[in-house]
Amino acid sequence: MNLLDKFHEIEETRRGLGDSDPTKVVIEHLESPTCALINGQSTVLAGTNNYLGLTFDASGIAAGQKALKDEGTGTTGSRMANGTYAGHIALEAELADFYGYQNAIIFSTGYAANLGTLTAVLKTGDAVLLDSDAHASLFDGSRMSGADVYTFKHNDPESLDKRLGRLKNQAKRCLVVVEGLYSILGDTVALKEIVEVKDRHGALLLIDEAHSLGVFGDGGRGLVEVHEVLDRVDFVVGTFSKSLGTTGGFCVSRHAALALFPYVSRPYMFTASPSPAVVECTRAALRTLREKPALRQALWKNAERLYQGLLQLGIDTGVKASPVMSIRIGEREEALAAWKHLLDNGVYVNLILPPAAPGGGSLLRMSVSAAHRDQEIDTIIEALRSALSIC
Amino acid sequence: MTEIEETLCNLLTGIEGVTVIVSADTNLLAELELESIQIMEFIMEVEDHYDIIIAEQKLSAVNTIEDLATIVASELQ
């Protein structure tokens, strides 16, 4: 047996997907934020995270083009060396201001933001209690930190309460980790109750608002704004790759310790900083998010239209109208066939197979954008009607 | 089987996707082919049944019900 034998099983799984391999989808040409050429066919994109449709926003593109021209293609260095430009500092200040906090730190990807924050906050001897549906990056960062890793039942404050009680004195060295909008099923965190529980036990709370930034709250600040707990949550992490349409991630906090993360966070220190064009596109997108609440209203209008269409098809997604909704399909082969049928009929959705699907089974995950036209939403619904008739 | 092993077997049988009869030496991954999400669900059921909490790192050496029972017994002490 050698080091690479483990890939045999993975190869067998890959072969089993045949021409229904969702990892082989290639976006050949983008016609808009919501439509692309796939396999030579014009396809409605119902499986992106482009919630506000900002990837083609004129101000973002102009800002990126100017940055490329003025500052070049990349920084070529870490923030700890030559990789800090005025734009990085400005973006951090603008994020802190957006949340009304003192401090913010940006990372090169959202994945790095989670690893970087968790490994800065947690050390051996500490504890981390994650929601069982938390994203892989949150589990990876928790495991990398050396802290004791525990889970509580998804979105269950009582399960969290019991576990913090069982930790006894370690509860005061515990970080609770949740998400704002859970990205597969589209449900949202019971944040007020969870904040109350963690306060009672003296623990801290990190909320990952990757999918809820720009989507929830009158100002687009996410579930922390909806539940009015900005002054009680300890760390908010997020990504630039969804509502803001670029790449990168961030952490904001009301704690002064965040300013010291650059000295201890290896995912921050040992990687090149975000390129100037990415930074300026992100800054422009954040300005647009703040200045144009109509985008959020359009997103929710589209979510409601899709939700009503699903109801008419007799589909229960388990959540009310949400920018993310999933259809559970029990058997893997059925899910593969339905996903392929949708794609062949001009609609791209995400296919979630075990072990990634919460609650087991397979899922067709759909997400809507503010940029979807009514006709595109209706196309999604009609394609689903056809796909589900073959299941 | 010890009392803890028997209880664990009963709890495991209640997890969706477990359709075979389990015993103390049942290999949780190799024989039952449980997904990581199902194992997580099972561990949380065990924690709630015994009112304990088990760090994930302690589970890395667990292959069988018997292995898990040893950990549960040490948490109960």
# chains A, B, ... in the order shown; residues from 1 in each chain; ligands from 1
>>> residues_around(residues="Val149 (chain A)", least_positions_apart="2", cutoff="9 Å", atoms="only C-alpha atoms", output="VMD selection string")
(chain A and resid 126 to 130 139 142 to 143 146 to 147 151) or (chain B and resid 54 to 57)
>>> closest_atom_pairs(of="chain A", to="chain B", cutoff="6 Å", atoms="only C-alpha atoms", output="JSON lines")
{"residue": "A:Asp148", "atom": "CA", "partner": "B:Ala55", "partner_atom": "CA", "distance": 5.5}
{"residue": "A:Val149", "atom": "CA", "partner": "B:Glu56", "partner_atom": "CA", "distance": 5.4}
{"residue": "A:Tyr150", "atom": "CA", "partner": "B:Ala55", "partner_atom": "CA", "distance": 5.4}
{"residue": "A:Pro355", "atom": "CA", "partner": "B:Glu35", "partner_atom": "CA", "distance": 5.6}
>>> select_by_dssp(residues="region 67-241 of chain A", states="strand (DSSP E or B)", output="number ranges by chain")
A: 103-107, 127-131, 148-152, 174-179, 181, 188, 204-208, 235-239
>>> write_last_selection(atoms="C-alpha atoms", output="PDB file, in the first residue's frame")
ATOM      1  CA  ASN A 103     -11.668  47.140  13.993  1.00  0.00           C
ATOM      2  CA  ALA A 104     -11.708  45.057  10.846  1.00  0.00           C
ATOM      3  CA  ILE A 105      -9.221  42.788   9.142  1.00  0.00           C
ATOM      4  CA  ILE A 106      -9.362  41.466   5.582  1.00  0.00           C
ATOM      5  CA  PHE A 107      -8.098  38.156   4.260  1.00  0.00           C
ATOM      6  CA  ALA A 127     -13.037  24.990  23.413  1.00  0.00           C
ATOM      7  CA  VAL A 128     -15.065  25.614  20.280  1.00  0.00           C
ATOM      8  CA  LEU A 129     -18.723  24.625  19.937  1.00  0.00           C
ATOM      9  CA  LEU A 130     -19.917  24.589  16.343  1.00  0.00           C
ATOM     10  CA  ASP A 131     -23.411  24.311  14.944  1.00  0.00           C
ATOM     11  CA  ASP A 148     -11.204  21.043  21.861  1.00  0.00           C
ATOM     12  CA  VAL A 149     -13.845  20.771  19.115  1.00  0.00           C
ATOM     13  CA  TYR A 150     -17.482  20.043  19.954  1.00  0.00           C
ATOM     14  CA  THR A 151     -20.761  20.320  18.062  1.00  0.00           C
ATOM     15  CA  PHE A 152     -24.312  21.169  19.069  1.00  0.00           C
ATOM     16  CA  CYS A 174     -15.308  28.626  24.648  1.00  0.00           C
ATOM     17  CA  LEU A 175     -16.116  30.149  21.257  1.00  0.00           C
ATOM     18  CA  VAL A 176     -19.565  29.319  19.898  1.00  0.00           C
ATOM     19  CA  VAL A 177     -19.672  29.246  16.088  1.00  0.00           C
ATOM     20  CA  VAL A 178     -22.794  29.716  13.974  1.00  0.00           C
ATOM     21  CA  GLU A 179     -23.756  30.999  10.562  1.00  0.00           C
ATOM     22  CA  LEU A 181     -27.898  32.107   6.597  1.00  0.00           C
ATOM     23  CA  THR A 188     -31.398  31.309   9.418  1.00  0.00           C
ATOM     24  CA  LEU A 204     -17.906  34.201  23.088  1.00  0.00           C
ATOM     25  CA  LEU A 205     -19.724  33.986  19.750  1.00  0.00           C
ATOM     26  CA  LEU A 206     -18.523  34.045  16.156  1.00  0.00           C
ATOM     27  CA  ILE A 207     -21.115  34.367  13.406  1.00  0.00           C
ATOM     28  CA  ASP A 208     -20.237  33.702   9.787  1.00  0.00           C
ATOM     29  CA  PHE A 235     -16.746  38.257  15.962  1.00  0.00           C
ATOM     30  CA  VAL A 236     -18.477  38.632  12.615  1.00  0.00           C
ATOM     31  CA  VAL A 237     -16.773  36.990   9.666  1.00  0.00           C
ATOM     32  CA  GLY A 238     -17.837  37.288   6.086  1.00  0.00           C
ATOM     33  CA  THR A 239     -16.750  36.919   2.522  1.00  0.00           C
TER      34      THR A 239
END
>>> atom_distance(atom1="CA of Val62 (chain B)", atom2="CA of Leu115 (chain A)")
26.2 Å
>>> residues_around(residues="region 227-229 of chain A", least_positions_apart="2", cutoff="9 Å", atoms="only C-alpha atoms", output="VMD selection string")
chain A and resid 191 to 192 195 217 222 to 225 231 to 233
>>> write_last_selection(atoms="all heavy atoms", output="mmCIF file, in the first residue's frame")
data_model
loop_
_atom_site.group_PDB
_atom_site.id
_atom_site.type_symbol
_atom_site.label_atom_id
_atom_site.label_comp_id
_atom_site.auth_asym_id
_atom_site.auth_seq_id
_atom_site.Cartn_x
_atom_site.Cartn_y
_atom_site.Cartn_z
ATOM 1 N N LEU A 191 -30.554 33.580 16.386
ATOM 2 C CA LEU A 191 -29.424 34.315 16.947
ATOM 3 C C LEU A 191 -29.697 34.902 18.320
ATOM 4 O O LEU A 191 -28.837 34.847 19.208
ATOM 5 C CB LEU A 191 -29.007 35.422 15.970
ATOM 6 C CG LEU A 191 -27.704 36.146 16.284
ATOM 7 C CD1 LEU A 191 -26.549 35.165 16.432
ATOM 8 C CD2 LEU A 191 -27.383 37.167 15.187
ATOM 9 N N LYS A 192 -30.878 35.477 18.498
ATOM 10 C CA LYS A 192 -31.172 36.122 19.786
ATOM 11 C C LYS A 192 -31.065 35.098 20.931
ATOM 12 O O LYS A 192 -30.469 35.386 21.977
ATOM 13 C CB LYS A 192 -32.578 36.720 19.742
ATOM 14 C CG LYS A 192 -32.784 37.901 20.666
ATOM 15 C CD LYS A 192 -34.001 38.712 20.290
ATOM 16 C CE LYS A 192 -33.607 40.114 19.882
ATOM 17 N NZ LYS A 192 -34.682 40.947 19.399
ATOM 18 N N VAL A 195 -27.367 34.030 21.445
ATOM 19 C CA VAL A 195 -26.609 35.079 22.139
ATOM 20 C C VAL A 195 -26.913 35.060 23.634
ATOM 21 O O VAL A 195 -26.014 35.176 24.481
ATOM 22 C CB VAL A 195 -26.928 36.466 21.535
ATOM 23 C CG1 VAL A 195 -26.475 37.587 22.450
ATOM 24 C CG2 VAL A 195 -26.268 36.606 20.171
ATOM 25 N N GLY A 217 -31.345 42.488 6.846
ATOM 26 C CA GLY A 217 -31.149 43.726 7.595
ATOM 27 C C GLY A 217 -31.424 44.942 6.739
ATOM 28 O O GLY A 217 -31.126 44.944 5.551
ATOM 29 N N GLY A 222 -26.789 41.888 7.768
ATOM 30 C CA GLY A 222 -26.987 40.481 8.072
ATOM 31 C C GLY A 222 -27.852 40.245 9.298
ATOM 32 O O GLY A 222 -28.567 41.130 9.773
ATOM 33 N N LEU A 223 -27.745 39.021 9.813
ATOM 34 C CA LEU A 223 -28.601 38.640 10.934
ATOM 35 C C LEU A 223 -28.254 39.395 12.211
ATOM 36 O O LEU A 223 -29.105 39.585 13.076
ATOM 37 C CB LEU A 223 -28.531 37.115 11.166
ATOM 38 C CG LEU A 223 -29.415 36.221 10.298
ATOM 39 C CD1 LEU A 223 -30.883 36.595 10.443
ATOM 40 C CD2 LEU A 223 -29.026 36.251 8.842
ATOM 41 N N VAL A 224 -27.015 39.844 12.340
ATOM 42 C CA VAL A 224 -26.652 40.631 13.542
ATOM 43 C C VAL A 224 -27.474 41.914 13.592
ATOM 44 O O VAL A 224 -27.812 42.406 14.681
ATOM 45 C CB VAL A 224 -25.142 40.961 13.595
ATOM 46 C CG1 VAL A 224 -24.327 39.730 13.929
ATOM 47 C CG2 VAL A 224 -24.666 41.634 12.342
ATOM 48 N N GLU A 225 -27.785 42.458 12.427
ATOM 49 C CA GLU A 225 -28.593 43.674 12.369
ATOM 50 C C GLU A 225 -30.068 43.349 12.602
ATOM 51 O O GLU A 225 -30.761 44.045 13.336
ATOM 52 C CB GLU A 225 -28.417 44.354 11.007
ATOM 53 C CG GLU A 225 -29.147 45.691 10.889
ATOM 54 C CD GLU A 225 -28.916 46.378 9.549
ATOM 55 O OE1 GLU A 225 -28.495 45.713 8.583
ATOM 56 O OE2 GLU A 225 -29.164 47.594 9.470
ATOM 57 N N ASP A 231 -23.951 44.617 19.449
ATOM 58 C CA ASP A 231 -23.178 44.927 20.653
ATOM 59 C C ASP A 231 -22.965 43.710 21.550
ATOM 60 O O ASP A 231 -22.324 43.816 22.606
ATOM 61 C CB ASP A 231 -23.883 46.030 21.451
ATOM 62 C CG ASP A 231 -25.287 45.625 21.871
ATOM 63 O OD1 ASP A 231 -25.861 44.717 21.237
ATOM 64 O OD2 ASP A 231 -25.819 46.210 22.830
ATOM 65 N N ARG A 232 -23.458 42.545 21.120
ATOM 66 C CA ARG A 232 -23.324 41.351 21.956
ATOM 67 C C ARG A 232 -22.602 40.205 21.251
ATOM 68 O O ARG A 232 -22.118 39.277 21.884
ATOM 69 C CB ARG A 232 -24.704 40.883 22.422
ATOM 70 C CG ARG A 232 -25.380 41.898 23.345
ATOM 71 C CD ARG A 232 -26.805 41.530 23.636
ATOM 72 N NE ARG A 232 -26.894 40.361 24.513
ATOM 73 C CZ ARG A 232 -28.050 39.771 24.802
ATOM 74 N NH1 ARG A 232 -29.169 40.213 24.273
ATOM 75 N NH2 ARG A 232 -28.064 38.723 25.624
ATOM 76 N N VAL A 233 -22.540 40.270 19.920
ATOM 77 C CA VAL A 233 -21.781 39.271 19.165
ATOM 78 C C VAL A 233 -20.304 39.650 19.254
ATOM 79 O O VAL A 233 -19.959 40.830 19.298
ATOM 80 C CB VAL A 233 -22.274 39.251 17.711
ATOM 81 C CG1 VAL A 233 -21.326 38.516 16.805
ATOM 82 C CG2 VAL A 233 -23.647 38.626 17.635
#
>>> atom_distance(atom1="CA of Asn345 (chain A)", atom2="CA of Gly360 (chain A)")
26.9 Å
